[in-house]
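As provided, structure.cif (mmCIF, N, CA and C atoms) reads as follows.
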data_final
#
loop_
_atom_site.label_atom_id
_atom_site.label_comp_id
_atom_site.auth_asym_id
_atom_site.auth_seq_id
_atom_site.Cartn_x
_atom_site.Cartn_y
_atom_site.Cartn_z
N MET W 1 -10.87 -6.47 -39.80
CA MET W 1 -11.00 -7.86 -39.44
C MET W 1 -9.95 -8.26 -38.44
N GLY W 2 -10.03 -9.46 -37.92
CA GLY W 2 -9.03 -9.92 -36.99
C GLY W 2 -9.08 -9.20 -35.65
N GLN W 3 -10.11 -8.39 -35.44
CA GLN W 3 -10.21 -7.64 -34.19
C GLN W 3 -11.00 -8.45 -33.19
N ARG W 4 -10.47 -8.64 -32.00
CA ARG W 4 -11.17 -9.37 -30.94
C ARG W 4 -12.29 -8.50 -30.40
N ASP W 5 -13.29 -9.14 -29.76
CA ASP W 5 -14.40 -8.40 -29.16
C ASP W 5 -13.90 -7.38 -28.16
N GLY W 6 -12.90 -7.74 -27.36
CA GLY W 6 -12.34 -6.83 -26.36
C GLY W 6 -11.74 -5.59 -26.98
N ASP W 7 -11.19 -5.73 -28.20
CA ASP W 7 -10.60 -4.58 -28.88
C ASP W 7 -11.66 -3.55 -29.23
N ALA W 8 -12.84 -4.01 -29.61
CA ALA W 8 -13.91 -3.08 -29.95
C ALA W 8 -14.32 -2.28 -28.72
N ASP W 9 -14.43 -2.96 -27.55
CA ASP W 9 -14.77 -2.25 -26.32
C ASP W 9 -13.70 -1.24 -25.97
N ARG W 10 -12.44 -1.64 -26.16
CA ARG W 10 -11.33 -0.76 -25.81
C ARG W 10 -11.34 0.48 -26.71
N ASP W 11 -11.65 0.28 -28.01
CA ASP W 11 -11.67 1.41 -28.93
C ASP W 11 -12.81 2.38 -28.62
N ALA W 12 -13.88 1.88 -28.02
CA ALA W 12 -15.04 2.73 -27.71
C ALA W 12 -14.81 3.60 -26.48
N ARG W 13 -13.78 3.30 -25.70
CA ARG W 13 -13.50 4.07 -24.50
C ARG W 13 -12.85 5.39 -24.89
N PRO W 14 -13.12 6.46 -24.12
CA PRO W 14 -12.54 7.76 -24.46
C PRO W 14 -11.02 7.72 -24.38
N ALA W 15 -10.39 8.38 -25.32
CA ALA W 15 -8.93 8.45 -25.33
C ALA W 15 -8.46 9.40 -24.24
N ALA W 16 -7.34 9.08 -23.62
CA ALA W 16 -6.79 9.92 -22.55
C ALA W 16 -6.39 11.29 -23.09
N ALA W 17 -6.08 11.36 -24.39
CA ALA W 17 -5.65 12.63 -24.98
C ALA W 17 -6.78 13.65 -25.00
N SER W 18 -8.02 13.18 -25.04
CA SER W 18 -9.15 14.11 -25.05
C SER W 18 -9.61 14.34 -23.62
N ASP W 19 -8.75 14.86 -22.79
CA ASP W 19 -8.99 15.08 -21.37
C ASP W 19 -9.99 16.22 -21.17
N PRO W 20 -11.22 15.90 -20.70
CA PRO W 20 -12.22 16.94 -20.49
C PRO W 20 -11.79 17.98 -19.47
N ALA W 21 -10.94 17.59 -18.52
CA ALA W 21 -10.50 18.55 -17.50
C ALA W 21 -9.69 19.67 -18.14
N ALA W 22 -8.93 19.33 -19.16
CA ALA W 22 -8.12 20.35 -19.84
C ALA W 22 -9.00 21.34 -20.58
N ALA W 23 -10.17 20.92 -20.98
CA ALA W 23 -11.09 21.79 -21.71
C ALA W 23 -12.00 22.58 -20.77
N GLY W 24 -11.78 22.46 -19.46
CA GLY W 24 -12.59 23.19 -18.49
C GLY W 24 -13.90 22.51 -18.16
N ALA W 25 -14.08 21.25 -18.55
CA ALA W 25 -15.31 20.53 -18.25
C ALA W 25 -15.35 20.16 -16.77
N HIS W 26 -16.52 19.85 -16.30
CA HIS W 26 -16.69 19.42 -14.91
C HIS W 26 -15.90 18.13 -14.69
N PRO W 27 -15.29 17.94 -13.50
CA PRO W 27 -14.47 16.74 -13.25
C PRO W 27 -15.19 15.42 -13.50
N THR W 28 -16.51 15.39 -13.36
CA THR W 28 -17.23 14.13 -13.60
C THR W 28 -17.16 13.71 -15.06
N ALA W 29 -16.87 14.64 -15.96
CA ALA W 29 -16.74 14.30 -17.38
C ALA W 29 -15.55 13.37 -17.61
N SER W 30 -14.60 13.35 -16.69
CA SER W 30 -13.41 12.51 -16.83
C SER W 30 -13.60 11.12 -16.25
N LEU W 31 -14.71 10.86 -15.58
CA LEU W 31 -14.93 9.54 -14.99
C LEU W 31 -15.20 8.52 -16.09
N ASP W 32 -14.57 7.37 -15.98
CA ASP W 32 -14.70 6.29 -16.95
C ASP W 32 -15.76 5.33 -16.42
N GLU W 33 -16.83 5.13 -17.17
CA GLU W 33 -17.93 4.28 -16.72
C GLU W 33 -17.48 2.85 -16.45
N VAL W 34 -16.50 2.36 -17.20
CA VAL W 34 -16.01 0.99 -16.97
C VAL W 34 -15.31 0.91 -15.62
N VAL W 35 -14.51 1.90 -15.30
CA VAL W 35 -13.72 1.89 -14.07
C VAL W 35 -14.54 2.35 -12.87
N HIS W 36 -15.42 3.31 -13.06
CA HIS W 36 -16.07 4.00 -11.95
C HIS W 36 -17.02 3.11 -11.14
N GLN W 37 -17.60 2.10 -11.72
CA GLN W 37 -18.52 1.24 -10.99
C GLN W 37 -17.78 0.71 -9.75
N ARG W 38 -18.40 0.78 -8.58
CA ARG W 38 -17.66 0.58 -7.33
C ARG W 38 -16.95 -0.76 -7.21
N HIS W 39 -17.55 -1.83 -7.69
CA HIS W 39 -16.88 -3.13 -7.57
C HIS W 39 -15.70 -3.23 -8.54
N ARG W 40 -15.87 -2.68 -9.74
CA ARG W 40 -14.75 -2.70 -10.69
C ARG W 40 -13.62 -1.80 -10.20
N LEU W 41 -13.96 -0.67 -9.60
CA LEU W 41 -12.94 0.21 -9.01
C LEU W 41 -12.21 -0.55 -7.89
N GLY W 42 -12.95 -1.31 -7.10
CA GLY W 42 -12.35 -2.11 -6.04
C GLY W 42 -11.41 -3.17 -6.59
N ILE W 43 -11.80 -3.83 -7.66
CA ILE W 43 -10.95 -4.85 -8.29
C ILE W 43 -9.64 -4.21 -8.75
N LEU W 44 -9.75 -3.07 -9.42
CA LEU W 44 -8.54 -2.40 -9.90
C LEU W 44 -7.66 -1.92 -8.75
N ALA W 45 -8.28 -1.39 -7.70
CA ALA W 45 -7.51 -0.91 -6.55
C ALA W 45 -6.77 -2.06 -5.87
N ILE W 46 -7.46 -3.18 -5.67
CA ILE W 46 -6.83 -4.33 -5.02
C ILE W 46 -5.70 -4.89 -5.89
N THR W 47 -5.97 -5.08 -7.17
CA THR W 47 -4.95 -5.68 -8.03
C THR W 47 -3.78 -4.73 -8.29
N SER W 48 -3.98 -3.44 -8.09
CA SER W 48 -2.86 -2.50 -8.27
C SER W 48 -1.84 -2.63 -7.14
N LYS W 49 -2.25 -3.20 -6.02
CA LYS W 49 -1.37 -3.32 -4.85
C LYS W 49 -0.69 -4.68 -4.75
N ALA W 50 -1.05 -5.61 -5.60
CA ALA W 50 -0.47 -6.95 -5.54
C ALA W 50 -0.12 -7.41 -6.95
N ARG W 51 0.80 -8.34 -7.05
CA ARG W 51 1.15 -8.88 -8.36
C ARG W 51 -0.04 -9.61 -8.96
N GLN W 52 -0.75 -10.36 -8.12
CA GLN W 52 -1.94 -11.08 -8.52
C GLN W 52 -2.91 -11.13 -7.34
N ALA W 53 -4.20 -11.21 -7.65
CA ALA W 53 -5.20 -11.40 -6.60
C ALA W 53 -5.99 -12.66 -6.94
N ASP W 54 -6.22 -13.46 -5.94
CA ASP W 54 -6.99 -14.69 -6.09
C ASP W 54 -8.48 -14.34 -6.20
N PHE W 55 -9.19 -15.06 -7.08
CA PHE W 55 -10.62 -14.85 -7.28
C PHE W 55 -11.38 -14.90 -5.96
N GLY W 56 -11.09 -15.89 -5.13
CA GLY W 56 -11.78 -16.03 -3.84
C GLY W 56 -11.54 -14.85 -2.93
N TYR W 57 -10.31 -14.35 -2.93
CA TYR W 57 -9.99 -13.17 -2.12
C TYR W 57 -10.79 -11.96 -2.59
N LEU W 58 -10.84 -11.74 -3.90
CA LEU W 58 -11.62 -10.62 -4.43
C LEU W 58 -13.10 -10.77 -4.08
N ARG W 59 -13.62 -11.99 -4.24
CA ARG W 59 -15.04 -12.25 -3.96
C ARG W 59 -15.37 -11.92 -2.51
N GLU W 60 -14.55 -12.40 -1.58
CA GLU W 60 -14.80 -12.18 -0.16
C GLU W 60 -14.58 -10.72 0.23
N THR W 61 -13.51 -10.13 -0.23
CA THR W 61 -13.17 -8.75 0.14
C THR W 61 -14.22 -7.77 -0.36
N LEU W 62 -14.72 -8.00 -1.57
CA LEU W 62 -15.70 -7.08 -2.17
C LEU W 62 -17.14 -7.46 -1.87
N GLY W 63 -17.35 -8.61 -1.21
CA GLY W 63 -18.69 -9.03 -0.85
C GLY W 63 -19.56 -9.36 -2.05
N LEU W 64 -18.98 -10.02 -3.04
CA LEU W 64 -19.70 -10.36 -4.27
C LEU W 64 -19.96 -11.85 -4.36
N THR W 65 -20.96 -12.22 -5.15
CA THR W 65 -21.13 -13.62 -5.49
C THR W 65 -20.12 -13.96 -6.58
N SER W 66 -19.88 -15.22 -6.79
CA SER W 66 -18.96 -15.63 -7.85
C SER W 66 -19.43 -15.15 -9.21
N GLY W 67 -20.74 -15.24 -9.45
CA GLY W 67 -21.29 -14.80 -10.73
C GLY W 67 -21.12 -13.31 -10.95
N ASN W 68 -21.38 -12.51 -9.91
CA ASN W 68 -21.22 -11.05 -10.05
C ASN W 68 -19.76 -10.69 -10.29
N LEU W 69 -18.85 -11.32 -9.54
CA LEU W 69 -17.43 -11.03 -9.73
C LEU W 69 -17.00 -11.42 -11.14
N SER W 70 -17.44 -12.57 -11.62
CA SER W 70 -17.11 -13.00 -12.98
C SER W 70 -17.57 -11.98 -14.02
N THR W 71 -18.76 -11.45 -13.83
CA THR W 71 -19.29 -10.46 -14.76
C THR W 71 -18.43 -9.20 -14.77
N HIS W 72 -18.07 -8.71 -13.59
CA HIS W 72 -17.23 -7.52 -13.51
C HIS W 72 -15.84 -7.77 -14.11
N LEU W 73 -15.29 -8.95 -13.85
CA LEU W 73 -13.98 -9.28 -14.42
C LEU W 73 -14.04 -9.36 -15.94
N THR W 74 -15.13 -9.87 -16.48
CA THR W 74 -15.29 -9.93 -17.93
C THR W 74 -15.29 -8.53 -18.54
N VAL W 75 -16.00 -7.60 -17.91
CA VAL W 75 -16.03 -6.21 -18.39
C VAL W 75 -14.63 -5.63 -18.38
N LEU W 76 -13.93 -5.80 -17.26
CA LEU W 76 -12.57 -5.25 -17.14
C LEU W 76 -11.60 -5.93 -18.10
N GLU W 77 -11.74 -7.24 -18.27
CA GLU W 77 -10.85 -7.96 -19.17
C GLU W 77 -11.10 -7.54 -20.62
N ASN W 78 -12.36 -7.41 -21.01
CA ASN W 78 -12.69 -6.98 -22.37
C ASN W 78 -12.18 -5.57 -22.66
N ALA W 79 -12.10 -4.74 -21.63
CA ALA W 79 -11.59 -3.38 -21.79
C ALA W 79 -10.06 -3.35 -21.73
N GLY W 80 -9.44 -4.49 -21.48
CA GLY W 80 -7.98 -4.55 -21.43
C GLY W 80 -7.38 -4.06 -20.12
N LEU W 81 -8.19 -3.98 -19.07
CA LEU W 81 -7.73 -3.41 -17.80
C LEU W 81 -7.19 -4.45 -16.82
N VAL W 82 -7.63 -5.70 -16.97
CA VAL W 82 -7.10 -6.78 -16.14
C VAL W 82 -6.84 -7.99 -17.02
N ARG W 83 -6.03 -8.88 -16.48
CA ARG W 83 -5.75 -10.16 -17.12
C ARG W 83 -6.22 -11.24 -16.15
N VAL W 84 -6.98 -12.20 -16.65
CA VAL W 84 -7.50 -13.30 -15.83
C VAL W 84 -6.80 -14.58 -16.28
N GLU W 85 -6.19 -15.27 -15.33
CA GLU W 85 -5.48 -16.51 -15.61
C GLU W 85 -6.07 -17.62 -14.77
N LYS W 86 -6.35 -18.72 -15.43
CA LYS W 86 -6.89 -19.90 -14.74
C LYS W 86 -5.84 -20.98 -14.71
N GLY W 87 -5.80 -21.68 -13.61
CA GLY W 87 -4.84 -22.77 -13.46
C GLY W 87 -5.21 -23.63 -12.27
N TYR W 88 -4.24 -24.33 -11.77
CA TYR W 88 -4.46 -25.21 -10.62
C TYR W 88 -3.43 -24.92 -9.56
N GLN W 89 -3.88 -25.02 -8.32
CA GLN W 89 -2.98 -24.98 -7.18
C GLN W 89 -3.18 -26.34 -6.51
N GLY W 90 -2.22 -27.23 -6.74
CA GLY W 90 -2.44 -28.62 -6.34
C GLY W 90 -3.49 -29.21 -7.27
N ARG W 91 -4.55 -29.72 -6.68
CA ARG W 91 -5.65 -30.27 -7.48
C ARG W 91 -6.83 -29.31 -7.61
N ARG W 92 -6.71 -28.19 -6.96
CA ARG W 92 -7.83 -27.24 -6.96
C ARG W 92 -7.71 -26.23 -8.11
N PRO W 93 -8.81 -26.03 -8.83
CA PRO W 93 -8.77 -24.99 -9.87
C PRO W 93 -8.70 -23.61 -9.21
N LYS W 94 -7.91 -22.74 -9.78
CA LYS W 94 -7.75 -21.39 -9.24
C LYS W 94 -7.83 -20.38 -10.37
N THR W 95 -8.29 -19.17 -10.01
CA THR W 95 -8.32 -18.06 -10.95
C THR W 95 -7.59 -16.90 -10.31
N TRP W 96 -6.63 -16.35 -11.04
CA TRP W 96 -5.86 -15.21 -10.56
C TRP W 96 -6.12 -14.02 -11.47
N VAL W 97 -6.16 -12.85 -10.87
CA VAL W 97 -6.43 -11.61 -11.60
C VAL W 97 -5.26 -10.67 -11.40
N SER W 98 -4.80 -10.06 -12.48
CA SER W 98 -3.75 -9.05 -12.36
C SER W 98 -4.14 -7.84 -13.20
N ILE W 99 -3.69 -6.69 -12.77
CA ILE W 99 -3.98 -5.44 -13.48
C ILE W 99 -2.98 -5.29 -14.63
N THR W 100 -3.42 -4.74 -15.74
CA THR W 100 -2.54 -4.49 -16.88
C THR W 100 -2.00 -3.06 -16.78
N ARG W 101 -1.06 -2.75 -17.64
CA ARG W 101 -0.52 -1.38 -17.70
C ARG W 101 -1.66 -0.40 -18.03
N GLN W 102 -2.51 -0.80 -18.97
CA GLN W 102 -3.67 0.04 -19.33
C GLN W 102 -4.61 0.20 -18.13
N GLY W 103 -4.75 -0.86 -17.33
CA GLY W 103 -5.57 -0.79 -16.12
C GLY W 103 -5.00 0.18 -15.11
N ARG W 104 -3.68 0.17 -14.94
CA ARG W 104 -3.03 1.12 -14.01
C ARG W 104 -3.25 2.56 -14.48
N THR W 105 -3.15 2.78 -15.78
CA THR W 105 -3.37 4.12 -16.34
C THR W 105 -4.81 4.57 -16.12
N ALA W 106 -5.76 3.66 -16.36
CA ALA W 106 -7.19 3.99 -16.18
C ALA W 106 -7.49 4.26 -14.71
N LEU W 107 -6.91 3.47 -13.81
CA LEU W 107 -7.12 3.68 -12.37
C LEU W 107 -6.55 5.03 -11.95
N ALA W 108 -5.37 5.35 -12.41
CA ALA W 108 -4.76 6.64 -12.07
C ALA W 108 -5.60 7.81 -12.58
N ALA W 109 -6.14 7.68 -13.79
CA ALA W 109 -6.99 8.73 -14.36
C ALA W 109 -8.28 8.89 -13.55
N GLU W 110 -8.84 7.77 -13.11
CA GLU W 110 -10.07 7.80 -12.30
C GLU W 110 -9.80 8.48 -10.96
N ILE W 111 -8.69 8.12 -10.32
CA ILE W 111 -8.34 8.72 -9.03
C ILE W 111 -8.09 10.22 -9.20
N ASP W 112 -7.45 10.59 -10.30
CA ASP W 112 -7.21 12.01 -10.58
C ASP W 112 -8.53 12.76 -10.75
N ALA W 113 -9.47 12.18 -11.49
CA ALA W 113 -10.77 12.83 -11.70
C ALA W 113 -11.53 12.95 -10.37
N LEU W 114 -11.48 11.90 -9.55
CA LEU W 114 -12.16 11.96 -8.25
C LEU W 114 -11.49 12.98 -7.32
N THR W 115 -10.18 13.07 -7.38
CA THR W 115 -9.45 14.05 -6.57
C THR W 115 -9.84 15.47 -6.98
N ARG W 116 -9.93 15.72 -8.29
CA ARG W 116 -10.37 17.04 -8.77
C ARG W 116 -11.79 17.35 -8.32
N LEU W 117 -12.66 16.35 -8.39
CA LEU W 117 -14.05 16.54 -7.97
C LEU W 117 -14.13 16.88 -6.49
N VAL W 118 -13.41 16.15 -5.66
CA VAL W 118 -13.40 16.43 -4.22
C VAL W 118 -12.81 17.81 -3.96
N GLY W 119 -11.73 18.16 -4.64
CA GLY W 119 -11.11 19.47 -4.48
C GLY W 119 -12.07 20.59 -4.85
N ASP W 120 -12.81 20.40 -5.95
CA ASP W 120 -13.81 21.41 -6.35
C ASP W 120 -14.89 21.56 -5.30
N GLN W 121 -15.33 20.42 -4.76
CA GLN W 121 -16.39 20.46 -3.74
C GLN W 121 -15.90 21.15 -2.47
N GLN W 122 -14.66 20.87 -2.08
CA GLN W 122 -14.12 21.50 -0.88
C GLN W 122 -13.93 22.99 -1.07
N SER W 123 -13.47 23.41 -2.24
CA SER W 123 -13.29 24.85 -2.47
C SER W 123 -14.65 25.55 -2.56
N ASP W 124 -15.67 24.87 -3.09
CA ASP W 124 -17.01 25.44 -3.12
C ASP W 124 -17.56 25.62 -1.71
N GLN W 125 -17.28 24.67 -0.82
CA GLN W 125 -17.77 24.78 0.55
C GLN W 125 -17.11 25.95 1.27
N HIS W 126 -15.83 26.19 1.00
CA HIS W 126 -15.13 27.30 1.64
C HIS W 126 -15.60 28.64 1.08
N ALA W 127 -15.94 28.67 -0.19
CA ALA W 127 -16.36 29.92 -0.82
C ALA W 127 -17.87 30.11 -0.74
N ASP W 128 -18.56 29.11 -0.19
CA ASP W 128 -20.02 29.16 -0.15
C ASP W 128 -20.49 30.27 0.79
N ALA W 129 -21.18 31.20 0.21
CA ALA W 129 -21.74 32.31 0.98
C ALA W 129 -23.10 32.64 0.38
N PRO W 130 -24.01 33.20 1.18
CA PRO W 130 -25.31 33.57 0.62
C PRO W 130 -25.12 34.50 -0.58
N GLY W 131 -25.82 34.20 -1.66
CA GLY W 131 -25.74 35.05 -2.85
C GLY W 131 -24.55 34.74 -3.73
N GLY W 132 -23.81 33.62 -3.46
CA GLY W 132 -22.67 33.26 -4.31
C GLY W 132 -23.16 32.90 -5.70
N ASP W 133 -22.28 33.00 -6.69
CA ASP W 133 -22.73 32.82 -8.07
C ASP W 133 -22.84 31.34 -8.49
N HIS W 134 -22.09 30.41 -7.89
CA HIS W 134 -22.15 28.97 -8.19
C HIS W 134 -22.29 28.67 -9.66
N GLY W 135 -21.38 29.17 -10.46
CA GLY W 135 -21.35 28.85 -11.88
C GLY W 135 -22.10 29.81 -12.75
N GLN W 136 -22.78 30.77 -12.18
CA GLN W 136 -23.50 31.75 -13.00
C GLN W 136 -22.51 32.79 -13.50
N ASP W 137 -22.77 33.29 -14.68
CA ASP W 137 -21.92 34.32 -15.27
C ASP W 137 -22.27 35.64 -14.58
N SER W 138 -21.28 36.19 -13.84
CA SER W 138 -21.55 37.41 -13.09
C SER W 138 -21.79 38.60 -14.01
N SER W 139 -21.36 38.51 -15.27
CA SER W 139 -21.57 39.63 -16.20
C SER W 139 -23.02 39.69 -16.67
N ALA W 140 -23.78 38.60 -16.43
CA ALA W 140 -25.17 38.55 -16.88
C ALA W 140 -26.09 39.21 -15.87
N GLN W 141 -25.57 39.67 -14.74
CA GLN W 141 -26.44 40.24 -13.71
C GLN W 141 -26.68 41.70 -13.94
#

Just dump the structure as C-alpha cells.
Amino acid sequence: MGQRDGDADRDARPAAASDPAAAGAHPTASLDEVVHQRHRLGILAITSKARQADFGYLRETLGLTSGNLSTHLTVLENAGLVRVEKGYQGRRPKTWVSITRQGRTALAAEIDALTRLVGDQQSDQHADAPGGDHGQDSSAQ
C-alpha cells in the first residue's frame, strides 16, 4: 500500500543489474521502451544538457503538439525519469522539465545500448563476405 502509480511503472521496468549485454544477448535487448521512443529520447537528451527545459521550448524543438508532449512527459514522469514543475513567470503560467538522476542513468544505458548496436553493425559490415556465417553455428556445417 502507499505506492504511487508512478512507483508501479518504475518497478515494472527492467533492473539495470539484469544487463542483457552481459549475458551475450543482442544489443537491442538492452533498449528501454520508455526511453527509446524518439520523442521521449529527445526530451531526455535535451533536459540532460540543461538544468531545466521550458515546455514551449521542448514542444517547438521536438515538433510536437502540446497534447503529445504532455503525454510523453507523463510517461517519463511516471517512470521517475523527469520532474515536471508548474509555476508562473510574471503572470504567465509556465511548465519546466528537468531530468532526474534515474533519468540520467536510463539515458546513459540507452546510449550505451545504441552504441553497442552501431558497433555490432559496423563490425558486421567490415566482416561481411559472401558465405559469412552471420550468427550461424559453424560447427553445425

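Backbone DSSP over range 22-85 of chain W yields strand (DSSP E) at W:Ala53, W:Asp54, W:Val82, W:Arg83, W:Val84, W:Glu85.
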
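The interatomic distance for the pair atom C of Ser98 in chain W and CA of Glu60 in chain W works out to 17.4 Å.
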
Pairwise distance for atom C of Leu117 in chain W and atom C of Thr47 in chain W, rounded to one decimal in Å: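 Separating atom C of Leu117 in chain W from atom C of Thr47 in chain W is a distance of 24.0 Å.
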
Interatomic distance (Å, one decimal) between atom C of Thr74 in chain W and atom N of Arg40 in chain W: 10.6 Å

For Glu77 in chain W, the nearest of the candidates W:Gly56, W:Gly119, W:Gly63, W:Gly103, counting only C-alpha atoms: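 Closest to Glu77 in chain W of all the choices is W:Gly103.
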
W:Arg116, W:Thr61, W:Leu107, W:Gly87 ranked by distance to Leu44 in chain W, top pick (using all atoms listed in the file): W:Leu107

Minimum-distance residue to Leu58 in chain W, chosen among W:Val75, W:Val82, W:Val97, W:Ala113 (using only C-alpha atoms): W:Val97
